[in-house]
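Notes follow the structure.
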Amino acid sequence: MSEALQLGVIVLVATLMGLLARLYMLRVDYRQYPSYPQGYAIHLTLGFIAAFLAAVLIPALLDKEYTAVTFLAFAATQFREVRAIERTSLANMENTELVPRGSAYIEGIARVFEARNYLAMLTSLFAAAGAQLVLIFLKGQIIPAVGAAVITGLVVLLALRGSTTGQVIGDIAEIHFAPVEFEGPLLKVGGVVLMNVGLEEARNTLQREGMGAVIKPKDENAKATLANLGQRQAILHDVATLLGVRLDIGEPDFTPLARRHLKSGAVSLVLLASEYDPDALVKAISRVPVLEAAKKRPLDEESGRMAR
Amino acid sequence: MPREEIVAIIAASRELTGEAGPVVFCSDPSERQRIARYISRVTSGMVHDLGNGVLMVIRH
């Protein structure tokens, strides 16, 4: 088989593997959208570009075209810009959300978006490398080379899968349903005062149909993570999205709120959902992702361990 | 710049408040609730109860 054809096949297969990796990662997390068709187009096109750039790198290097590496640097710049665009567009939409995501959550989404393009690049790179190695050792047999590309690509994909799914709240804390209690105008959940509800009819509605939950951290690291405002806002946003919130802009009485128990670090929250369903609430909270920006690990340091 | 803004105060009687901002006096509790509700809807504020016959509408 002619060299040009060999080259073409390697690049094609490697690019496909990278694209497949990107497609796979699209499905892995429903929360990371895209929730609209153009979103799919954007993600897949960028994934394709990333994969293609990585696929041509190895043949280019073997041809002693070392300047090909600058393409990768160029790609990195582009992806960083795309991340910034993503962050800006999400931030612009915040004031259309009844329960906003918060900047920490947005940052996390934008970062994951960038990271997934790099992962597509890596998959494609390793696939191309695998194919090239086989071509060298088996002296130009194209079918085994393609097979090697596919296998390498799949291995990398499965290995990287773990890095795109992070922890969820259910991993770091215990979640219990707790009823909404009132002490005069003060709304309490799990002994923590969440808000002062002045309107009687709002009090009655919340008492009847409001749901509360207590999130107890499993260790000091979890306690520090849950203290983060961005993390709590993300919990409220996700739960409100999943369960529906009876809220509108002119009526802030039913805004979901989360507050800490100052000593134990447990977080109490209240939500007036579309439907009263305690199990759904607990499940929804447990599936909220732990934000990278919120993650803290005081136990890794000695002074953190001492201050228990 | 304060993040929270007192939009209105609805008090049961004159002794309970100072002279700051829009104050409405009303001795009947259910009437107070009604006034507070209307003000809060119009201004997108939240009603809070101080427990001594004073309701506040605050924009957060």
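Naming scheme: A, B, ... for chains in displayed order of the structure tokens; residues 1 onward per chain; ligands 1 onward as shown.
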For stretch 200-205 of chain A, please output as a list in words all residues within 9 Å (counting only C-alpha atoms; exclusion window: fewer than 6 positions along the same chain).
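So the residues in contact are Phe182, Pro185, Leu187, Asp253, Phe254 and Leu272 of chain A; Gln33 of chain B.
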Using only C-alpha atoms, select each residue of chain A with any atom at most 7 Å away from an atom of chain B, and give the selection as a list in words.
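Taken together, these residues fit the definition: Pro185, Asn196, Val197, Gly198, Leu199, Ile249, Gly250, Glu251, Pro252 and Asp253 of chain A.
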Could you save those same residues with N, CA, C and O atoms as a PDB file, in the first residue's frame?
ATOM      1  N   PRO A 185     -42.228  33.131  63.021  1.00  0.00           N
ATOM      2  CA  PRO A 185     -42.010  33.352  61.593  1.00  0.00           C
ATOM      3  C   PRO A 185     -40.739  32.668  61.077  1.00  0.00           C
ATOM      4  O   PRO A 185     -40.450  32.708  59.889  1.00  0.00           O
ATOM      5  N   ASN A 196     -36.779  33.984  57.690  1.00  0.00           N
ATOM      6  CA  ASN A 196     -37.892  34.583  58.406  1.00  0.00           C
ATOM      7  C   ASN A 196     -38.993  34.815  57.380  1.00  0.00           C
ATOM      8  O   ASN A 196     -38.850  35.630  56.471  1.00  0.00           O
ATOM      9  N   VAL A 197     -40.077  34.067  57.522  1.00  0.00           N
ATOM     10  CA  VAL A 197     -41.160  34.203  56.553  1.00  0.00           C
ATOM     11  C   VAL A 197     -42.269  35.014  57.189  1.00  0.00           C
ATOM     12  O   VAL A 197     -42.948  34.545  58.091  1.00  0.00           O
ATOM     13  N   GLY A 198     -42.464  36.245  56.707  1.00  0.00           N
ATOM     14  CA  GLY A 198     -43.413  37.140  57.345  1.00  0.00           C
ATOM     15  C   GLY A 198     -44.857  36.898  56.935  1.00  0.00           C
ATOM     16  O   GLY A 198     -45.782  37.084  57.716  1.00  0.00           O
ATOM     17  N   LEU A 199     -45.062  36.470  55.704  1.00  0.00           N
ATOM     18  CA  LEU A 199     -46.433  36.315  55.225  1.00  0.00           C
ATOM     19  C   LEU A 199     -47.041  35.008  55.706  1.00  0.00           C
ATOM     20  O   LEU A 199     -46.469  33.937  55.519  1.00  0.00           O
ATOM     21  N   ILE A 249     -40.351  35.592  39.863  1.00  0.00           N
ATOM     22  CA  ILE A 249     -39.479  36.698  40.236  1.00  0.00           C
ATOM     23  C   ILE A 249     -40.092  37.632  41.255  1.00  0.00           C
ATOM     24  O   ILE A 249     -39.417  38.172  42.103  1.00  0.00           O
ATOM     25  N   GLY A 250     -41.411  37.847  41.207  1.00  0.00           N
ATOM     26  CA  GLY A 250     -41.991  38.805  42.145  1.00  0.00           C
ATOM     27  C   GLY A 250     -42.239  38.231  43.518  1.00  0.00           C
ATOM     28  O   GLY A 250     -42.608  38.949  44.444  1.00  0.00           O
ATOM     29  N   GLU A 251     -42.016  36.909  43.689  1.00  0.00           N
ATOM     30  CA  GLU A 251     -42.404  36.270  44.949  1.00  0.00           C
ATOM     31  C   GLU A 251     -41.257  35.486  45.533  1.00  0.00           C
ATOM     32  O   GLU A 251     -41.150  34.290  45.326  1.00  0.00           O
ATOM     33  N   PRO A 252     -40.401  36.179  46.269  1.00  0.00           N
ATOM     34  CA  PRO A 252     -39.198  35.502  46.754  1.00  0.00           C
ATOM     35  C   PRO A 252     -39.409  34.615  47.971  1.00  0.00           C
ATOM     36  O   PRO A 252     -38.464  34.008  48.456  1.00  0.00           O
ATOM     37  N   ASP A 253     -40.638  34.504  48.476  1.00  0.00           N
ATOM     38  CA  ASP A 253     -40.836  33.732  49.705  1.00  0.00           C
ATOM     39  C   ASP A 253     -40.453  32.275  49.543  1.00  0.00           C
ATOM     40  O   ASP A 253     -40.093  31.612  50.491  1.00  0.00           O
TER      41      ASP A 253
END
Stretch 137-205 of chain A: residues DSSP assigns to alpha helix (DSSP H), reported as a ChimeraX atom specification:
/A:137,142-164,169-172,200-205
Identify, on the basis of only C-alpha atoms, every residue whose closest approach to stretch 173-175 of chain A does not exceed 7 Å; exclude the query and any residue fewer than 6 positions from it along the same chain; express the result as a PDB file with all heavy atoms, in the first residue's frame.
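Here's the written file result.pdb:
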ATOM      1  N   ALA A 213     -34.138  19.136  53.865  1.00  0.00           N
ATOM      2  CA  ALA A 213     -33.160  18.050  53.863  1.00  0.00           C
ATOM      3  C   ALA A 213     -31.961  18.482  54.680  1.00  0.00           C
ATOM      4  O   ALA A 213     -31.641  19.670  54.745  1.00  0.00           O
ATOM      5  CB  ALA A 213     -32.732  17.712  52.435  1.00  0.00           C
ATOM      6  N   VAL A 214     -31.326  17.497  55.313  1.00  0.00           N
ATOM      7  CA  VAL A 214     -30.099  17.776  56.050  1.00  0.00           C
ATOM      8  C   VAL A 214     -28.976  16.989  55.401  1.00  0.00           C
ATOM      9  O   VAL A 214     -29.092  15.779  55.193  1.00  0.00           O
ATOM     10  CB  VAL A 214     -30.239  17.377  57.533  1.00  0.00           C
ATOM     11  CG1 VAL A 214     -28.931  17.602  58.251  1.00  0.00           C
ATOM     12  CG2 VAL A 214     -31.334  18.182  58.190  1.00  0.00           C
ATOM     13  N   ILE A 215     -27.895  17.679  55.051  1.00  0.00           N
ATOM     14  CA  ILE A 215     -26.755  17.035  54.395  1.00  0.00           C
ATOM     15  C   ILE A 215     -25.619  16.989  55.396  1.00  0.00           C
ATOM     16  O   ILE A 215     -25.028  18.020  55.734  1.00  0.00           O
ATOM     17  CB  ILE A 215     -26.320  17.837  53.147  1.00  0.00           C
ATOM     18  CG1 ILE A 215     -27.519  18.082  52.244  1.00  0.00           C
ATOM     19  CG2 ILE A 215     -25.235  17.106  52.393  1.00  0.00           C
ATOM     20  CD1 ILE A 215     -27.228  19.013  51.094  1.00  0.00           C
ATOM     21  N   LYS A 216     -25.302  15.768  55.883  1.00  0.00           N
ATOM     22  CA  LYS A 216     -24.270  15.633  56.921  1.00  0.00           C
ATOM     23  C   LYS A 216     -22.970  15.192  56.288  1.00  0.00           C
ATOM     24  O   LYS A 216     -22.900  14.105  55.724  1.00  0.00           O
ATOM     25  CB  LYS A 216     -24.693  14.552  57.927  1.00  0.00           C
ATOM     26  CG  LYS A 216     -25.534  15.023  59.042  1.00  0.00           C
ATOM     27  CD  LYS A 216     -25.398  14.038  60.222  1.00  0.00           C
ATOM     28  CE  LYS A 216     -26.581  13.996  61.072  1.00  0.00           C
ATOM     29  NZ  LYS A 216     -27.802  13.595  61.016  1.00  0.00           N
ATOM     30  N   PRO A 217     -21.912  16.008  56.397  1.00  0.00           N
ATOM     31  CA  PRO A 217     -20.639  15.617  55.778  1.00  0.00           C
ATOM     32  C   PRO A 217     -20.044  14.392  56.443  1.00  0.00           C
ATOM     33  O   PRO A 217     -20.172  14.213  57.646  1.00  0.00           O
ATOM     34  CB  PRO A 217     -19.745  16.846  56.001  1.00  0.00           C
ATOM     35  CG  PRO A 217     -20.350  17.565  57.139  1.00  0.00           C
ATOM     36  CD  PRO A 217     -21.808  17.277  57.123  1.00  0.00           C
ATOM     37  N   LYS A 218     -19.377  13.546  55.650  1.00  0.00           N
ATOM     38  CA  LYS A 218     -18.830  12.308  56.204  1.00  0.00           C
ATOM     39  C   LYS A 218     -17.502  12.522  56.890  1.00  0.00           C
ATOM     40  O   LYS A 218     -17.085  11.717  57.706  1.00  0.00           O
ATOM     41  CB  LYS A 218     -18.652  11.271  55.079  1.00  0.00           C
ATOM     42  CG  LYS A 218     -19.964  10.679  54.623  1.00  0.00           C
ATOM     43  CD  LYS A 218     -19.760   9.569  53.597  1.00  0.00           C
ATOM     44  CE  LYS A 218     -21.121   9.081  53.097  1.00  0.00           C
ATOM     45  NZ  LYS A 218     -21.009   8.229  51.915  1.00  0.00           N
ATOM     46  N   ALA A 222     -15.179  16.838  53.576  1.00  0.00           N
ATOM     47  CA  ALA A 222     -16.536  17.074  53.081  1.00  0.00           C
ATOM     48  C   ALA A 222     -17.127  18.321  53.731  1.00  0.00           C
ATOM     49  O   ALA A 222     -17.829  19.107  53.087  1.00  0.00           O
ATOM     50  CB  ALA A 222     -17.413  15.863  53.382  1.00  0.00           C
ATOM     51  N   VAL A 282     -34.007  13.554  48.181  1.00  0.00           N
ATOM     52  CA  VAL A 282     -32.765  12.964  48.665  1.00  0.00           C
ATOM     53  C   VAL A 282     -31.927  12.455  47.498  1.00  0.00           C
ATOM     54  O   VAL A 282     -30.713  12.654  47.431  1.00  0.00           O
ATOM     55  CB  VAL A 282     -33.077  11.815  49.655  1.00  0.00           C
ATOM     56  CG1 VAL A 282     -31.814  11.058  49.995  1.00  0.00           C
ATOM     57  CG2 VAL A 282     -33.714  12.358  50.911  1.00  0.00           C
TER      58      VAL A 282
END
Which of these, B:Glu4, B:Leu16, B:Ile10, B:Ile58, has the shortest distance to B:Ile35 once you count only C-alpha atoms?
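Going through B:Glu4, B:Leu16, B:Ile10, B:Ile58 one by one, the smallest distance to B:Ile35 is for B:Ile10.
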